[in-house]
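S.K.: Shown below is the structure under consideration.
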There are 2 protein chains.
Amino acid sequence: MCADGNGCVLGIDIGGTKIAVAAVDAGGEMLVEGEFPSPSRDGDAMVEAFGSLIGREFDRYREKGLDVRAVGIAAAGYILQGEGILLESPNIAWRMVPLRQIAVEVTGLPAFLDNDANGAAAGERFVGAARGVDDFVYLTLGTGVGGGVYVGGKPLRGHRGMGAELGHIVIDPNGPVCGCGHRGCLEVFASGTALGREAAGVVAGDTDSVLLEMAGGEAGRITGKMVSRAAERGDRAALRAYEIWSGYLGMGIVDLIHIFDPELVVLGGGVSESGHLFIDSVRRAVSERGIASLVEGVRIVLSELGNEAGVVGAAGLAWEGIRERVL
Amino acid sequence: MCADGNGCVLGIDIGGTKIAVAAVDAGGEMLVEGEFPSPSRDGDAMVEAFGSLIGREFDRYREKGLDVRAVGIAAAGYILQGEGILLESPNIAWRMVPLRQIAVEVTGLPAFLDNDANGAAAGERFVGAARGVDDFVYLTLGTGVGGGVYVGGKPLRGHRGMGAELGHIVIDPNGPVCGCGHRGCLEVFASGTALGREAAGVVAGDTDSVLLEMAGGEAGRITGKMVSRAAERGDRAALRAYEIWSGYLGMGIVDLIHIFDPELVVLGGGVSESGHLFIDSVRRAVSERGIASLVEGVRIVLSELGNEAGVVGAAGLAWEGIRERVL
């Protein structure tokens, strides 16, 4: 185990419904893994569950002979990087939780904490689409939109560690209201939820669409997943919804290319699993809307990590943290 | 001269109308300076003028006993950082000019090249409003809008060195057409030109404004400078124009804070000379439109360099370059 002599790390991905844990070696191989429910409505129970779960898994992995060297934690929410504290989470009833300190106390190992999107970006650089790339932008397209950025080989964290909130750059100030309370953020245009909403709009003018049937006759109930399934079957309204949605996503990507001049843009998250349905439209939108000398040559690709992005990303944070300490 | 034993650097600021040169010591003090016209319509003459000017000034400074150690060049345009090449300039008829190489050949010294906005940002960190700050965003508000960003103490350059084109993030996709050919960029909303345009709109409903008189009765001729002068005199339309303009600028700053989580935002460029007329409105707009946990506590301040930003910024690039090489 951890046969290459480099040991392995504990990757922990904390979401609103589950906590995933795995021992991951330096090559990104998952050696052991586990998944546990999040008692996300009860903040105290959540903190308790997190601590005991790490302790138990850490013991179990060591009993298997694994040489665990560090802990990486990716959590949904705002992170105060310097302090290793989770400020708050969108779907978990906890606030100001010293996650890094808990992990250090339970395991006696160095621990590294970041938000889930930054973790997924670290995962892409570790063993995914951004291997060996120093300047790239990662977007996770799911219920919401999150982001992670690498600048000159280092993660963009910002002054307090809350940087790269790419879901909340404004695409259209007259757009729909976002969960953050403001209007027209990238998140309200490029999330899976937004894809469903665009489809509902299109279906109003194309009542032959299978989408209406899928949604039990109520356009307002069309989800991103339904749009994906309908588009796979060639449904015109679903394909049109993807096109509109890709245009908005492209607008966000153009802003990010103008800002970061990246080598690569990686699209991850649940929506990207149907990436073949929209990646060409997104590339076209970027090429049409961006400044040619800036957007030409920037590769736009899909995540290579899929379902494992969370826990492999958390492990990526730990490996990155270990290397930074050595340098 | 260069009495502190650290020597000095040659700072060169290349614009469409003039080339400014100065010897600047490690404390940001300008020891000798000069200003020369840009033969900007003739690309070959411009390259020739640049080379002979550096040679002449370098000789002159050495004859004065200055210990010149490096050259910093800030130029309006797109820069290919790795190659030290200016790709193109908005107001100068040259393309693909190896500015860094020319400076190295003429002086035999290390030379460092970046665009004017990144140079001005380096200047703010060197001896201006961002001294000692590792994470900040700089915006230059003039005829156009440019930007520079520091992330973790290093300038954001991007993969090819063309990053931080902050003037071309989109504020409103239905906005006016920008010089870059696309719609609604920050530049068309937050430049001095935009301030004049907003005022023209306001004056249409407030014909008592002194602005109309200043512009010879033609609202379309109102400039940013006129708006500044009128606002100083308490003109209602001018003050209202600043308020609208500040709202847009605030929208751009919110995006940048969400992306970078900076400690500080510095506003420079010609328009910022009247900063007391709008800085409070900008702060208010940011606080109203941003996510509270991200925008609270971020300081928004005016440049401290004024007219000297260009050449002091170029010198800042050189000092920064020397330090990076040593580390």
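Quick note on naming: the chains in the structure tokens go A, B, ... in the order shown, residues restart at 1 in each chain, and ligands are numbered from 1 in order of appearance.
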Just want the 8 Å neighbourhood of region 30-47 of chain B, counted on only C-alpha atoms, with same-chain residues fewer than 2 positions away dropped. Output as a list in words.
M.R.: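 The residues that qualify are Met1, Ile14, Gly15, Gly16, Thr17, Lys18, Ile19, Ala20, Val21, Ala22, Ala23, Val24, Asp25, Gly28, Ala49, Phe50, Gly51, Tyr61, Asn91, Ile92, Ala93, Trp94, Arg95, Val97 and Val312 of chain B.
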S.K.: Since we have the selection now, will you write its residues out, keeping C-alpha atoms, as a JSON list (two decimals), in the first residue's frame?
M.R.:
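The result, written out as out.json:
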[["chain", "number", "residue", "atom", "x", "y", "z"],
["B", 1, "MET", "CA", 23.45, 60.29, -6.24],
["B", 14, "ILE", "CA", 5.72, 54.93, -23.55],
["B", 15, "GLY", "CA", 2.42, 56.56, -24.50],
["B", 16, "GLY", "CA", 0.77, 57.67, -27.72],
["B", 17, "THR", "CA", 1.84, 61.31, -27.35],
["B", 18, "LYS", "CA", 5.04, 61.17, -25.29],
["B", 19, "ILE", "CA", 7.80, 58.98, -23.94],
["B", 20, "ALA", "CA", 8.76, 59.87, -20.37],
["B", 21, "VAL", "CA", 12.09, 58.74, -18.91],
["B", 22, "ALA", "CA", 13.51, 59.06, -15.40],
["B", 23, "ALA", "CA", 16.22, 57.68, -13.14],
["B", 24, "VAL", "CA", 14.48, 56.48, -9.99],
["B", 25, "ASP", "CA", 16.14, 55.25, -6.82],
["B", 28, "GLY", "CA", 10.94, 55.95, -5.55],
["B", 49, "ALA", "CA", 13.22, 56.92, -31.41],
["B", 50, "PHE", "CA", 12.80, 54.46, -28.56],
["B", 51, "GLY", "CA", 16.25, 52.91, -29.04],
["B", 61, "TYR", "CA", 22.58, 59.57, -16.46],
["B", 91, "ASN", "CA", -2.52, 54.60, -30.43],
["B", 92, "ILE", "CA", 0.89, 53.76, -31.85],
["B", 93, "ALA", "CA", 1.44, 52.35, -35.35],
["B", 94, "TRP", "CA", 3.82, 49.57, -34.32],
["B", 95, "ARG", "CA", 3.39, 45.82, -34.04],
["B", 97, "VAL", "CA", 8.28, 45.24, -31.30],
["B", 312, "VAL", "CA", 7.48, 55.70, -11.42]]
S.K.: From a DSSP calculation on the backbone, collect every residue of region 34-67 of chain A in strand (DSSP E) and output the set as a VMD selection string.
M.R.: chain A and resid 34 to 37
S.K.: I'd like the neighbourhood of Gly313 (chain B) as a list of chain:residue names, where a residue qualifies if any of its atoms comes within 6 Å (using only C-alpha atoms), though same-chain residues fewer than 5 positions away should be ignored.
M.R.: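 Result of the neighbour search: B:Gly119, B:Ala120, B:Ala122, B:Gly123.
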S.K.: Could you dump the residues just selected with N, CA and C atoms as an mmCIF file, in the first residue's frame?
M.R.:
data_model
loop_
_atom_site.group_PDB
_atom_site.id
_atom_site.type_symbol
_atom_site.label_atom_id
_atom_site.label_comp_id
_atom_site.auth_asym_id
_atom_site.auth_seq_id
_atom_site.Cartn_x
_atom_site.Cartn_y
_atom_site.Cartn_z
ATOM 1 N N GLY B 119 2.175 48.483 -15.086
ATOM 2 C CA GLY B 119 3.241 49.338 -14.589
ATOM 3 C C GLY B 119 2.737 50.264 -13.489
ATOM 4 N N ALA B 120 1.592 50.894 -13.719
ATOM 5 C CA ALA B 120 1.043 51.805 -12.714
ATOM 6 C C ALA B 120 0.726 51.045 -11.427
ATOM 7 N N ALA B 122 2.322 48.400 -10.370
ATOM 8 C CA ALA B 122 3.636 48.173 -9.747
ATOM 9 C C ALA B 122 4.092 49.436 -9.022
ATOM 10 N N GLY B 123 3.816 50.607 -9.626
ATOM 11 C CA GLY B 123 4.169 51.874 -9.002
ATOM 12 C C GLY B 123 3.433 52.091 -7.686
#
S.K.: Considering only C-alpha atoms, extract the chain A residues located within 7 Å of chain B and return them as a list in words.
M.R.: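 Taking only C-alpha atoms into account, Asp135, Val151, Leu156, Gly158, His159, Arg160, Met162, Gly163, Ala164, Glu165, Leu166, His168, Ile169, Val170, Ile171, Asp172, Pro173, Cys180, His182, Asp255, His258, Ile259, Phe260, Asp261, Pro262, Glu263, Arg289 and Ile291 of chain A sit within 7 Å of chain B.
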S.K.: Among region 206-299 of chain B, which ones does DSSP place in alpha helix (DSSP H), written as an NGL selection string?
M.R.: :B and (210-214 or 224-232 or 236-260 or 279-289 or 292-295)
S.K.: Store the residues of this selection in a file with N, CA and C atoms, as a short mmCIF file (atom, residue, chain, number, x, y, z; two decimals), in the first residue's frame.
M.R.:
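What ended up in result_2.cif:
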data_model
loop_
_atom_site.label_atom_id
_atom_site.label_comp_id
_atom_site.auth_asym_id
_atom_site.auth_seq_id
_atom_site.Cartn_x
_atom_site.Cartn_y
_atom_site.Cartn_z
N VAL B 210 -24.60 74.03 -16.29
CA VAL B 210 -23.51 74.79 -16.90
C VAL B 210 -22.77 73.94 -17.93
N LEU B 211 -23.00 72.64 -17.89
CA LEU B 211 -22.30 71.74 -18.81
C LEU B 211 -22.60 72.09 -20.26
N LEU B 212 -23.87 72.42 -20.53
CA LEU B 212 -24.27 72.74 -21.89
C LEU B 212 -23.47 73.93 -22.41
N GLU B 213 -23.34 74.93 -21.55
CA GLU B 213 -22.58 76.14 -21.91
C GLU B 213 -21.12 75.78 -22.18
N MET B 214 -20.55 74.98 -21.25
CA MET B 214 -19.15 74.56 -21.42
C MET B 214 -18.93 73.86 -22.75
N GLY B 224 -15.36 64.31 -19.91
CA GLY B 224 -15.18 63.98 -18.49
C GLY B 224 -14.62 65.16 -17.71
N LYS B 225 -13.67 65.86 -18.31
CA LYS B 225 -13.06 67.00 -17.62
C LYS B 225 -14.07 68.11 -17.35
N MET B 226 -14.97 68.34 -18.32
CA MET B 226 -16.02 69.36 -18.10
C MET B 226 -16.91 68.94 -16.94
N VAL B 227 -17.24 67.66 -16.89
CA VAL B 227 -18.11 67.18 -15.80
C VAL B 227 -17.43 67.43 -14.46
N SER B 228 -16.12 67.17 -14.42
CA SER B 228 -15.38 67.40 -13.19
C SER B 228 -15.43 68.88 -12.79
N ARG B 229 -15.16 69.76 -13.75
CA ARG B 229 -15.16 71.21 -13.44
C ARG B 229 -16.55 71.66 -12.99
N ALA B 230 -17.58 71.17 -13.68
CA ALA B 230 -18.95 71.58 -13.34
C ALA B 230 -19.34 71.05 -11.96
N ALA B 231 -18.94 69.83 -11.66
CA ALA B 231 -19.28 69.24 -10.36
C ALA B 231 -18.62 70.01 -9.23
N GLU B 232 -17.38 70.47 -9.47
CA GLU B 232 -16.68 71.28 -8.46
C GLU B 232 -17.50 72.54 -8.14
N ARG B 236 -25.76 70.43 -10.62
CA ARG B 236 -26.57 69.27 -10.28
C ARG B 236 -26.44 68.14 -11.31
N ALA B 237 -26.48 68.51 -12.58
CA ALA B 237 -26.40 67.49 -13.64
C ALA B 237 -25.05 66.78 -13.59
N ALA B 238 -23.99 67.54 -13.35
CA ALA B 238 -22.66 66.95 -13.29
C ALA B 238 -22.57 65.98 -12.11
N LEU B 239 -23.12 66.39 -10.97
CA LEU B 239 -23.08 65.51 -9.79
C LEU B 239 -23.88 64.24 -10.04
N ARG B 240 -25.02 64.41 -10.72
CA ARG B 240 -25.85 63.24 -11.04
C ARG B 240 -25.11 62.30 -12.00
N ALA B 241 -24.38 62.88 -12.97
CA ALA B 241 -23.61 62.06 -13.92
C ALA B 241 -22.56 61.24 -13.15
N TYR B 242 -21.88 61.88 -12.19
CA TYR B 242 -20.90 61.15 -11.38
C TYR B 242 -21.56 59.99 -10.64
N GLU B 243 -22.79 60.22 -10.17
CA GLU B 243 -23.46 59.19 -9.39
C GLU B 243 -23.77 57.96 -10.25
N ILE B 244 -24.31 58.21 -11.45
CA ILE B 244 -24.61 57.10 -12.36
C ILE B 244 -23.32 56.36 -12.72
N TRP B 245 -22.32 57.14 -13.10
CA TRP B 245 -21.02 56.59 -13.50
C TRP B 245 -20.41 55.75 -12.36
N SER B 246 -20.50 56.26 -11.14
CA SER B 246 -19.96 55.54 -9.98
C SER B 246 -20.66 54.21 -9.76
N GLY B 247 -21.96 54.17 -10.07
CA GLY B 247 -22.71 52.93 -9.92
C GLY B 247 -22.15 51.85 -10.84
N TYR B 248 -21.85 52.22 -12.08
CA TYR B 248 -21.26 51.25 -13.01
C TYR B 248 -19.86 50.83 -12.57
N LEU B 249 -19.06 51.82 -12.20
CA LEU B 249 -17.72 51.50 -11.75
C LEU B 249 -17.80 50.55 -10.54
N GLY B 250 -18.75 50.83 -9.66
CA GLY B 250 -18.95 49.96 -8.49
C GLY B 250 -19.28 48.53 -8.90
N MET B 251 -20.09 48.38 -9.95
CA MET B 251 -20.42 47.04 -10.43
C MET B 251 -19.17 46.28 -10.86
N GLY B 252 -18.29 46.98 -11.56
CA GLY B 252 -17.04 46.35 -11.99
C GLY B 252 -16.18 45.97 -10.80
N ILE B 253 -16.11 46.87 -9.82
CA ILE B 253 -15.28 46.60 -8.64
C ILE B 253 -15.84 45.41 -7.85
N VAL B 254 -17.17 45.30 -7.77
CA VAL B 254 -17.78 44.15 -7.08
C VAL B 254 -17.33 42.85 -7.74
N ASP B 255 -17.41 42.77 -9.06
CA ASP B 255 -16.94 41.56 -9.76
C ASP B 255 -15.50 41.25 -9.37
N LEU B 256 -14.67 42.29 -9.38
CA LEU B 256 -13.25 42.07 -9.12
C LEU B 256 -13.00 41.65 -7.67
N ILE B 257 -13.78 42.18 -6.74
CA ILE B 257 -13.63 41.75 -5.34
C ILE B 257 -14.09 40.30 -5.19
N HIS B 258 -15.21 39.94 -5.83
CA HIS B 258 -15.67 38.56 -5.76
C HIS B 258 -14.63 37.60 -6.33
N ILE B 259 -13.92 38.04 -7.34
CA ILE B 259 -12.92 37.18 -7.98
C ILE B 259 -11.62 37.13 -7.17
N PHE B 260 -11.16 38.28 -6.69
CA PHE B 260 -9.80 38.33 -6.13
C PHE B 260 -9.74 38.39 -4.60
N ILE B 279 -15.59 59.08 -4.90
CA ILE B 279 -15.12 57.90 -4.16
C ILE B 279 -16.19 57.38 -3.19
N ASP B 280 -16.95 58.29 -2.56
CA ASP B 280 -17.98 57.82 -1.63
C ASP B 280 -19.11 57.09 -2.35
N SER B 281 -19.52 57.63 -3.52
CA SER B 281 -20.57 56.96 -4.30
C SER B 281 -20.11 55.57 -4.73
N VAL B 282 -18.84 55.45 -5.10
CA VAL B 282 -18.32 54.15 -5.53
C VAL B 282 -18.36 53.17 -4.36
N ARG B 283 -17.89 53.63 -3.20
CA ARG B 283 -17.90 52.75 -2.02
C ARG B 283 -19.32 52.30 -1.69
N ARG B 284 -20.28 53.24 -1.81
CA ARG B 284 -21.68 52.91 -1.52
C ARG B 284 -22.19 51.87 -2.52
N ALA B 285 -21.88 52.07 -3.80
CA ALA B 285 -22.35 51.13 -4.83
C ALA B 285 -21.78 49.74 -4.57
N VAL B 286 -20.53 49.67 -4.19
CA VAL B 286 -19.90 48.37 -3.92
C VAL B 286 -20.58 47.69 -2.73
N SER B 287 -20.83 48.47 -1.71
CA SER B 287 -21.43 47.89 -0.52
C SER B 287 -22.88 47.43 -0.80
N GLU B 288 -23.58 48.15 -1.68
CA GLU B 288 -24.96 47.75 -2.01
C GLU B 288 -25.02 46.53 -2.92
N ARG B 289 -24.05 46.41 -3.82
CA ARG B 289 -24.16 45.40 -4.88
C ARG B 289 -23.32 44.14 -4.63
N ALA B 292 -22.02 40.63 1.08
CA ALA B 292 -21.50 41.31 2.26
C ALA B 292 -20.21 40.69 2.79
N SER B 293 -20.17 39.36 2.96
CA SER B 293 -18.96 38.78 3.57
C SER B 293 -17.73 38.94 2.68
N LEU B 294 -17.94 39.23 1.40
CA LEU B 294 -16.79 39.42 0.51
C LEU B 294 -16.36 40.88 0.38
N VAL B 295 -17.32 41.81 0.31
CA VAL B 295 -16.93 43.21 0.07
C VAL B 295 -16.66 43.99 1.35
#
